[in-house]
Amino acid sequence: TTHLDPTPSEKAIHFGEALQQWAQFQSKTHALSLNLTSQLRLILTPSQATKLSGAFRTGKRLNIKRIIPYIASSYKRDKIWMRRAVPTKRCYQVLLAVDDSESMMGSTGSGAASGVKQTGENRGDMDPTGPASMALESLVMVSRSLAMLEVGKVGVLGFGKETFVAHGLEDPPFTSPEAGAKALQKFSFKQSGTEVQNLLRRTIDIFSEARNLNAGGGAGQEDLWQLAIVLSDGLASTGQFEGIRRLLREAGERKVMVVFVVLDAKAKAPSGAGVGAGGANASTSILHLKQARMEKTADGRMEVKVEKYLDGFPFQYYLIIREMEELPNALAGLLRQWFGEVSG
Amino acid sequence: MASTNSSESSVRIFFSTNDPTLPLPAECSQINVPSDIGRYGLSRILNSSPMLNTTSPVPLDFLINGDFLRGSLSEYLSANGLSPETTVEVVYVRALVPPKFDKSF
Ligand SMILES: [Mg+2]
């Protein structure tokens, strides 16, 4: 097997292998891509059937409210016509952020009697139903949908302990498998941390730079929308949650939308020596994940609090996906809800 | 050994047991815990609601990969070259002898 360098953004697999993987994911998710494309077309491109409005000297229909002032002004205030307003063209910048951390491979610390790290496997041996595989399939599916729609620019980030750019917003679009394979190559799922705060900081910075570039490029007339879609197993330490909330507020103020897609894949059940609890019927779903924390009581004692992990989850817009088939409807539904909220 | 980087301070564990008298609800087997805790902290977590529904606290010992946990979880992880991204499988058993004082919570 090939030697794999755990440094992010280095090539984790050969180009040929990545190309093959892209083709495989593309054919596997083709129907889902088409489904997502047709749903997004309705959501992302504003309706052409806009209402008649305004006050013009010539137009399509009379504005009744302006008739009396028109007569009263001795026919001087003659802007009495309404026109059909042409909607400004919306353009999008989308960043797809894929969790490149080790937890995506569903690694467990026990089992190897030697205590030697078990997770050094080649990405080629990736569990086809695990979160890592699901994240890459989702990446291929969503990026192809966006490319088919031609609504704007698409970039890909990887994150873990470090955040890296796997495909820049200005790079050639994902219409060719080569561009996609180059992005796939960067993912190793070996990063030893999941720093969501780093990712959000980087996302906000990339978008604000891209917005300036867009405004300076003479395309200022366009209505620019910036959207980040995070594809992750959803596991991050709760110590980050306050910082994440702050960054999400900042993103909101800058009109950057962040959608978090939790890939709640059916993880390999732990080999579990036990039979009474855990074992085969234990749930590995994030829906059941608990969070324990120590809390200091008024009289200075330490008290244990056990809560549901998701109860503290800081993302307002998040989805939990167990099967790939659920993604097009769920993602479209969430975006529809968001557009409904921002347009009042 | 207070960790200042809060984002590295928790680890996901998976509890199981061979003791039929200490059943844990299936939806409670998977839990994130502060990584600086050891035997005593884990025992308190399992004895709290909604984990083991025991009438009075049961002192517990913990096995990871067949070895009793003596230090903290983070010490275990670093001694075995594991990252905080790893899910640790922990088997709990009744503590046979009153455990000696240990400095990990
Ligand atoms: Mg992770």
# chains A, B, ... in the order shown; residues from 1 in each chain; ligands from 1
>>> closest_atom_pairs(of="chain B", to="ligand 1", cutoff="10 Å", atoms="only C-alpha atoms and all ligand atoms", output="CSV")
residue,atom,partner,partner_atom_place_in_ligand_line,distance
B:Pro84,CA,ligand 1,1 (Mg),8.6
B:Glu85,CA,ligand 1,1 (Mg),5.5
B:Thr86,CA,ligand 1,1 (Mg),8.6
>>> write_last_selection(atoms="N, CA and C atoms", output="mmCIF file, in the first residue's frame")
data_model
loop_
_atom_site.group_PDB
_atom_site.id
_atom_site.type_symbol
_atom_site.label_atom_id
_atom_site.label_comp_id
_atom_site.auth_asym_id
_atom_site.auth_seq_id
_atom_site.Cartn_x
_atom_site.Cartn_y
_atom_site.Cartn_z
ATOM 1 N N PRO B 84 -7.863 12.358 20.080
ATOM 2 C CA PRO B 84 -9.168 12.576 20.732
ATOM 3 C C PRO B 84 -10.341 12.264 19.809
ATOM 4 N N GLU B 85 -10.057 11.965 18.543
ATOM 5 C CA GLU B 85 -11.105 11.618 17.585
ATOM 6 C C GLU B 85 -11.574 10.176 17.754
ATOM 7 N N THR B 86 -10.810 9.414 18.520
ATOM 8 C CA THR B 86 -11.096 7.991 18.692
ATOM 9 C C THR B 86 -12.262 7.755 19.650
#
>>> interface_residues(of="chain B", to="chain A", cutoff="8 Å", atoms="only C-alpha atoms", output="number ranges by chain")
B: 6-11, 14-20, 22-34, 44-45, 48-50, 64-65, 80-89, 91
>>> closest_residue(among="B:Thr54, B:Ser35, B:Thr21, B:Tyr92", to="Gly66 (chain B)", atoms="only C-alpha atoms")
B:Tyr92
>>> select_by_dssp(residues="region 5-79 of chain B", states="helix (DSSP H, G or I)", output="PDB file with N, CA and C atoms, in the first residue's frame")
ATOM      1  N   SER B   6     -10.143  24.181  25.269  1.00  0.00           N
ATOM      2  CA  SER B   6     -11.403  23.524  25.590  1.00  0.00           C
ATOM      3  C   SER B   6     -11.857  22.595  24.478  1.00  0.00           C
ATOM      4  N   SER B   7     -11.400  22.883  23.244  1.00  0.00           N
ATOM      5  CA  SER B   7     -11.883  22.092  22.132  1.00  0.00           C
ATOM      6  C   SER B   7     -11.252  20.704  22.107  1.00  0.00           C
ATOM      7  N   GLU B   8     -10.246  20.470  22.939  1.00  0.00           N
ATOM      8  CA  GLU B   8      -9.632  19.150  22.940  1.00  0.00           C
ATOM      9  C   GLU B   8      -9.970  18.390  24.206  1.00  0.00           C
ATOM     10  N   ALA B  26     -29.785   1.015  26.051  1.00  0.00           N
ATOM     11  CA  ALA B  26     -29.007   1.027  24.807  1.00  0.00           C
ATOM     12  C   ALA B  26     -28.689   2.445  24.339  1.00  0.00           C
ATOM     13  N   GLU B  27     -29.637   3.383  24.597  1.00  0.00           N
ATOM     14  CA  GLU B  27     -29.394   4.746  24.108  1.00  0.00           C
ATOM     15  C   GLU B  27     -28.486   5.545  25.034  1.00  0.00           C
ATOM     16  N   CYS B  28     -27.941   4.874  26.074  1.00  0.00           N
ATOM     17  CA  CYS B  28     -27.024   5.573  26.978  1.00  0.00           C
ATOM     18  C   CYS B  28     -25.589   5.073  26.858  1.00  0.00           C
ATOM     19  N   ARG B  39     -11.130   6.914  36.640  1.00  0.00           N
ATOM     20  CA  ARG B  39     -12.063   5.947  37.205  1.00  0.00           C
ATOM     21  C   ARG B  39     -13.185   6.578  38.021  1.00  0.00           C
ATOM     22  N   TYR B  40     -12.816   7.490  38.919  1.00  0.00           N
ATOM     23  CA  TYR B  40     -13.827   8.081  39.806  1.00  0.00           C
ATOM     24  C   TYR B  40     -14.879   8.886  39.031  1.00  0.00           C
ATOM     25  N   GLY B  41     -14.425   9.679  38.068  1.00  0.00           N
ATOM     26  CA  GLY B  41     -15.346  10.495  37.268  1.00  0.00           C
ATOM     27  C   GLY B  41     -16.281   9.624  36.449  1.00  0.00           C
ATOM     28  N   LEU B  42     -15.734   8.575  35.823  1.00  0.00           N
ATOM     29  CA  LEU B  42     -16.558   7.665  35.023  1.00  0.00           C
ATOM     30  C   LEU B  42     -17.595   6.971  35.900  1.00  0.00           C
ATOM     31  N   SER B  43     -17.161   6.585  37.104  1.00  0.00           N
ATOM     32  CA  SER B  43     -18.067   5.918  38.036  1.00  0.00           C
ATOM     33  C   SER B  43     -19.207   6.857  38.417  1.00  0.00           C
ATOM     34  N   ARG B  44     -18.887   8.125  38.653  1.00  0.00           N
ATOM     35  CA  ARG B  44     -19.942   9.081  38.998  1.00  0.00           C
ATOM     36  C   ARG B  44     -20.902   9.304  37.828  1.00  0.00           C
ATOM     37  N   ILE B  45     -20.343   9.343  36.616  1.00  0.00           N
ATOM     38  CA  ILE B  45     -21.207   9.536  35.439  1.00  0.00           C
ATOM     39  C   ILE B  45     -22.193   8.377  35.304  1.00  0.00           C
ATOM     40  N   LEU B  46     -21.674   7.147  35.410  1.00  0.00           N
ATOM     41  CA  LEU B  46     -22.561   5.989  35.255  1.00  0.00           C
ATOM     42  C   LEU B  46     -23.595   5.906  36.367  1.00  0.00           C
ATOM     43  N   LEU B  73      -8.420   9.460  31.122  1.00  0.00           N
ATOM     44  CA  LEU B  73      -8.651   9.007  29.747  1.00  0.00           C
ATOM     45  C   LEU B  73      -7.641   9.634  28.790  1.00  0.00           C
ATOM     46  N   SER B  74      -7.331  10.911  29.006  1.00  0.00           N
ATOM     47  CA  SER B  74      -6.378  11.554  28.090  1.00  0.00           C
ATOM     48  C   SER B  74      -4.992  10.931  28.219  1.00  0.00           C
ATOM     49  N   GLU B  75      -4.643  10.503  29.449  1.00  0.00           N
ATOM     50  CA  GLU B  75      -3.363   9.801  29.621  1.00  0.00           C
ATOM     51  C   GLU B  75      -3.386   8.470  28.870  1.00  0.00           C
ATOM     52  N   TYR B  76      -4.532   7.796  28.948  1.00  0.00           N
ATOM     53  CA  TYR B  76      -4.651   6.524  28.218  1.00  0.00           C
ATOM     54  C   TYR B  76      -4.479   6.748  26.714  1.00  0.00           C
ATOM     55  N   LEU B  77      -5.151   7.779  26.210  1.00  0.00           N
ATOM     56  CA  LEU B  77      -5.087   8.056  24.770  1.00  0.00           C
ATOM     57  C   LEU B  77      -3.651   8.358  24.332  1.00  0.00           C
ATOM     58  N   SER B  78      -2.978   9.220  25.096  1.00  0.00           N
ATOM     59  CA  SER B  78      -1.632   9.584  24.651  1.00  0.00           C
ATOM     60  C   SER B  78      -0.655   8.424  24.813  1.00  0.00           C
ATOM     61  N   ALA B  79      -0.845   7.607  25.869  1.00  0.00           N
ATOM     62  CA  ALA B  79       0.040   6.447  26.051  1.00  0.00           C
ATOM     63  C   ALA B  79      -0.116   5.448  24.904  1.00  0.00           C
TER      64      ALA B  79
END
>>> residues_around(residues="Leu96 (chain B)", least_positions_apart="3", cutoff="10 Å", atoms="only C-alpha atoms", output="list of chain:residue names")
B:Pro59, B:Leu60, B:Asp61, B:Val93, B:Pro99
>>> residues_around(residues="Lys255 (chain A)", least_positions_apart="6", cutoff="9 Å", atoms="only C-alpha atoms", output="ChimeraX atom specification")
/A:225-227
>>> write_last_selection(atoms="N, CA and C atoms", output="JSON list (two decimals), in the first residue's frame")
[["chain", "number", "residue", "atom", "x", "y", "z"],
["A", 225, "TRP", "N", -25.52, 35.80, -3.22],
["A", 225, "TRP", "CA", -25.88, 34.98, -2.06],
["A", 225, "TRP", "C", -24.74, 34.03, -1.75],
["A", 226, "GLN", "N", -24.39, 33.95, -0.46],
["A", 226, "GLN", "CA", -23.27, 33.08, -0.08],
["A", 226, "GLN", "C", -23.75, 32.00, 0.88],
["A", 227, "LEU", "N", -23.43, 30.79, 0.52],
["A", 227, "LEU", "CA", -23.95, 29.64, 1.25],
["A", 227, "LEU", "C", -22.83, 28.63, 1.54]]
>>> atom_distance(atom1="CA of Glu242 (chain A)", atom2="CA of Gly312 (chain A)")
9.7 Å
>>> atom_distance(atom1="CA of Gln24 (chain A)", atom2="CA of Glu137 (chain A)")
9.1 Å
>>> atom_distance(atom1="CA of Leu44 (chain A)", atom2="CA of Leu169 (chain A)")
18.3 Å
>>> select_by_dssp(residues="region 48-93 of chain B", states="strand (DSSP E)", output="list in words")
Leu60, Asp61, Phe62, Leu63, Ile64, Asp67, Phe68, Thr87, Val88, Glu89, Val90, Val91, Tyr92 and Val93 of chain B
>>> write_last_selection(atoms="N, CA and C atoms", output="PDB file, in the first residue's frame")
ATOM      1  N   LEU B  60     -17.540   1.543  40.661  1.00  0.00           N
ATOM      2  CA  LEU B  60     -17.219   0.788  39.447  1.00  0.00           C
ATOM      3  C   LEU B  60     -15.748   0.891  39.085  1.00  0.00           C
ATOM      4  N   ASP B  61     -15.275  -0.124  38.387  1.00  0.00           N
ATOM      5  CA  ASP B  61     -13.940  -0.112  37.798  1.00  0.00           C
ATOM      6  C   ASP B  61     -14.106  -0.212  36.289  1.00  0.00           C
ATOM      7  N   PHE B  62     -13.067   0.180  35.561  1.00  0.00           N
ATOM      8  CA  PHE B  62     -13.201   0.247  34.101  1.00  0.00           C
ATOM      9  C   PHE B  62     -12.044  -0.431  33.390  1.00  0.00           C
ATOM     10  N   LEU B  63     -12.398  -1.153  32.334  1.00  0.00           N
ATOM     11  CA  LEU B  63     -11.390  -1.846  31.533  1.00  0.00           C
ATOM     12  C   LEU B  63     -11.395  -1.275  30.118  1.00  0.00           C
ATOM     13  N   ILE B  64     -10.209  -0.954  29.656  1.00  0.00           N
ATOM     14  CA  ILE B  64     -10.080  -0.560  28.258  1.00  0.00           C
ATOM     15  C   ILE B  64      -9.081  -1.529  27.650  1.00  0.00           C
ATOM     16  N   ASP B  67      -7.269  -3.791  30.107  1.00  0.00           N
ATOM     17  CA  ASP B  67      -6.497  -3.235  31.216  1.00  0.00           C
ATOM     18  C   ASP B  67      -7.358  -2.304  32.055  1.00  0.00           C
ATOM     19  N   PHE B  68      -7.156  -2.362  33.376  1.00  0.00           N
ATOM     20  CA  PHE B  68      -7.888  -1.445  34.244  1.00  0.00           C
ATOM     21  C   PHE B  68      -7.413  -0.021  34.013  1.00  0.00           C
ATOM     22  N   THR B  87     -13.112   6.797  19.313  1.00  0.00           N
ATOM     23  CA  THR B  87     -14.122   6.364  20.271  1.00  0.00           C
ATOM     24  C   THR B  87     -13.513   5.252  21.115  1.00  0.00           C
ATOM     25  N   VAL B  88     -13.538   5.427  22.422  1.00  0.00           N
ATOM     26  CA  VAL B  88     -12.902   4.446  23.305  1.00  0.00           C
ATOM     27  C   VAL B  88     -13.969   3.496  23.856  1.00  0.00           C
ATOM     28  N   GLU B  89     -13.711   2.205  23.695  1.00  0.00           N
ATOM     29  CA  GLU B  89     -14.653   1.221  24.239  1.00  0.00           C
ATOM     30  C   GLU B  89     -14.267   0.903  25.677  1.00  0.00           C
ATOM     31  N   VAL B  90     -15.209   1.160  26.568  1.00  0.00           N
ATOM     32  CA  VAL B  90     -14.940   1.010  27.998  1.00  0.00           C
ATOM     33  C   VAL B  90     -15.891  -0.037  28.577  1.00  0.00           C
ATOM     34  N   VAL B  91     -15.322  -1.040  29.237  1.00  0.00           N
ATOM     35  CA  VAL B  91     -16.132  -2.067  29.890  1.00  0.00           C
ATOM     36  C   VAL B  91     -16.167  -1.762  31.387  1.00  0.00           C
ATOM     37  N   TYR B  92     -17.373  -1.690  31.943  1.00  0.00           N
ATOM     38  CA  TYR B  92     -17.441  -1.401  33.380  1.00  0.00           C
ATOM     39  C   TYR B  92     -17.776  -2.644  34.175  1.00  0.00           C
ATOM     40  N   VAL B  93     -17.165  -2.733  35.364  1.00  0.00           N
ATOM     41  CA  VAL B  93     -17.400  -3.867  36.277  1.00  0.00           C
ATOM     42  C   VAL B  93     -17.539  -3.295  37.688  1.00  0.00           C
TER      43      VAL B  93
END
>>> closest_atom_pairs(of="region 184-232 of chain A", to="region 125-130 of chain A", cutoff="12 Å", atoms="only C-alpha atoms", output="tab-separated table")
residue	atom	partner	partner_atom	distance
A:Phe187	CA	A:Met126	CA	11.7
A:Ser188	CA	A:Met126	CA	10.1
A:Phe189	CA	A:Met126	CA	9.6
A:Lys190	CA	A:Met126	CA	11.9
A:Ser232	CA	A:Gly130	CA	11.1
>>> write_last_selection(atoms="N, CA and C atoms", output="compact mmCIF listing (two decimals), in the first residue's frame")
# COMPACT_ATOMS: atom_id res chain seq x y z
N PHE A 187 -8.53 14.51 0.50
CA PHE A 187 -9.12 14.03 1.74
C PHE A 187 -8.52 12.71 2.22
N SER A 188 -8.04 12.73 3.46
CA SER A 188 -7.43 11.52 4.02
C SER A 188 -8.19 11.01 5.23
N PHE A 189 -9.02 11.85 5.84
CA PHE A 189 -9.75 11.52 7.07
C PHE A 189 -8.80 11.05 8.17
N LYS A 190 -7.72 11.79 8.32
CA LYS A 190 -6.74 11.44 9.34
C LYS A 190 -6.44 12.57 10.29
N SER A 232 -20.49 16.54 7.72
CA SER A 232 -19.69 16.05 8.85
C SER A 232 -20.46 15.02 9.65
>>> closest_residue(among="A:Gly54, A:Pro172, A:Pro131, A:Gly180", to="Trp81 (chain A)", atoms="only C-alpha atoms")
A:Gly54
>>> residues_around(residues="Gly340 (chain A)", least_positions_apart="5", cutoff="12 Å", atoms="only C-alpha atoms", output="number ranges by chain")
A: 43-44, 46, 333-335
>>> write_last_selection(atoms="C-alpha atoms", output="PDB file, in the first residue's frame")
ATOM      1  CA  ILE A  43     -35.609  27.566  -4.980  1.00  0.00           C
ATOM      2  CA  LEU A  44     -32.448  29.281  -6.152  1.00  0.00           C
ATOM      3  CA  PRO A  46     -36.186  33.733  -8.486  1.00  0.00           C
ATOM      4  CA  GLY A 333     -36.490  21.672   2.244  1.00  0.00           C
ATOM      5  CA  LEU A 334     -34.059  23.458   4.525  1.00  0.00           C
ATOM      6  CA  LEU A 335     -33.003  25.943   1.831  1.00  0.00           C
TER       7      LEU A 335
END
>>> residues_around(residues="Ala251 (chain A)", least_positions_apart="5", cutoff="7 Å", atoms="only C-alpha atoms", output="PDB file with N, CA and C atoms, in the first residue's frame")
ATOM      1  N   ILE A 204     -15.970  32.508   6.649  1.00  0.00           N
ATOM      2  CA  ILE A 204     -16.376  33.911   6.661  1.00  0.00           C
ATOM      3  C   ILE A 204     -15.340  34.766   5.918  1.00  0.00           C
ATOM      4  N   VAL A 256     -24.075  35.428   5.274  1.00  0.00           N
ATOM      5  CA  VAL A 256     -23.549  34.125   4.872  1.00  0.00           C
ATOM      6  C   VAL A 256     -24.418  33.078   5.567  1.00  0.00           C
ATOM      7  N   MET A 257     -24.968  32.164   4.785  1.00  0.00           N
ATOM      8  CA  MET A 257     -25.785  31.132   5.392  1.00  0.00           C
ATOM      9  C   MET A 257     -24.968  29.857   5.584  1.00  0.00           C
TER      10      MET A 257
END
>>> residues_around(residues="Trp22 (chain A)", least_positions_apart="2", cutoff="8 Å", atoms="only C-alpha atoms", output="PyMOL selection string")
chain A and resi 18-20+24-26+140+177+180-181+184
>>> write_last_selection(atoms="C-alpha atoms", output="PDB file, in the first residue's frame")
ATOM      1  CA  ALA A  18      -9.513   9.637  -7.272  1.00  0.00           C
ATOM      2  CA  LEU A  19     -10.790   9.818 -10.838  1.00  0.00           C
ATOM      3  CA  GLN A  20     -12.189   6.321 -10.531  1.00  0.00           C
ATOM      4  CA  GLN A  24     -18.119   5.699  -9.130  1.00  0.00           C
ATOM      5  CA  PHE A  25     -19.785   8.237  -6.813  1.00  0.00           C
ATOM      6  CA  GLN A  26     -21.131  10.132  -9.799  1.00  0.00           C
ATOM      7  CA  VAL A 140     -19.993  14.687  -5.551  1.00  0.00           C
ATOM      8  CA  PRO A 177     -14.380  14.689 -13.474  1.00  0.00           C
ATOM      9  CA  GLY A 180     -13.590  16.766  -8.958  1.00  0.00           C
ATOM     10  CA  ALA A 181     -10.900  14.114  -8.674  1.00  0.00           C
ATOM     11  CA  LEU A 184     -11.207  14.247  -3.745  1.00  0.00           C
TER      12      LEU A 184
END
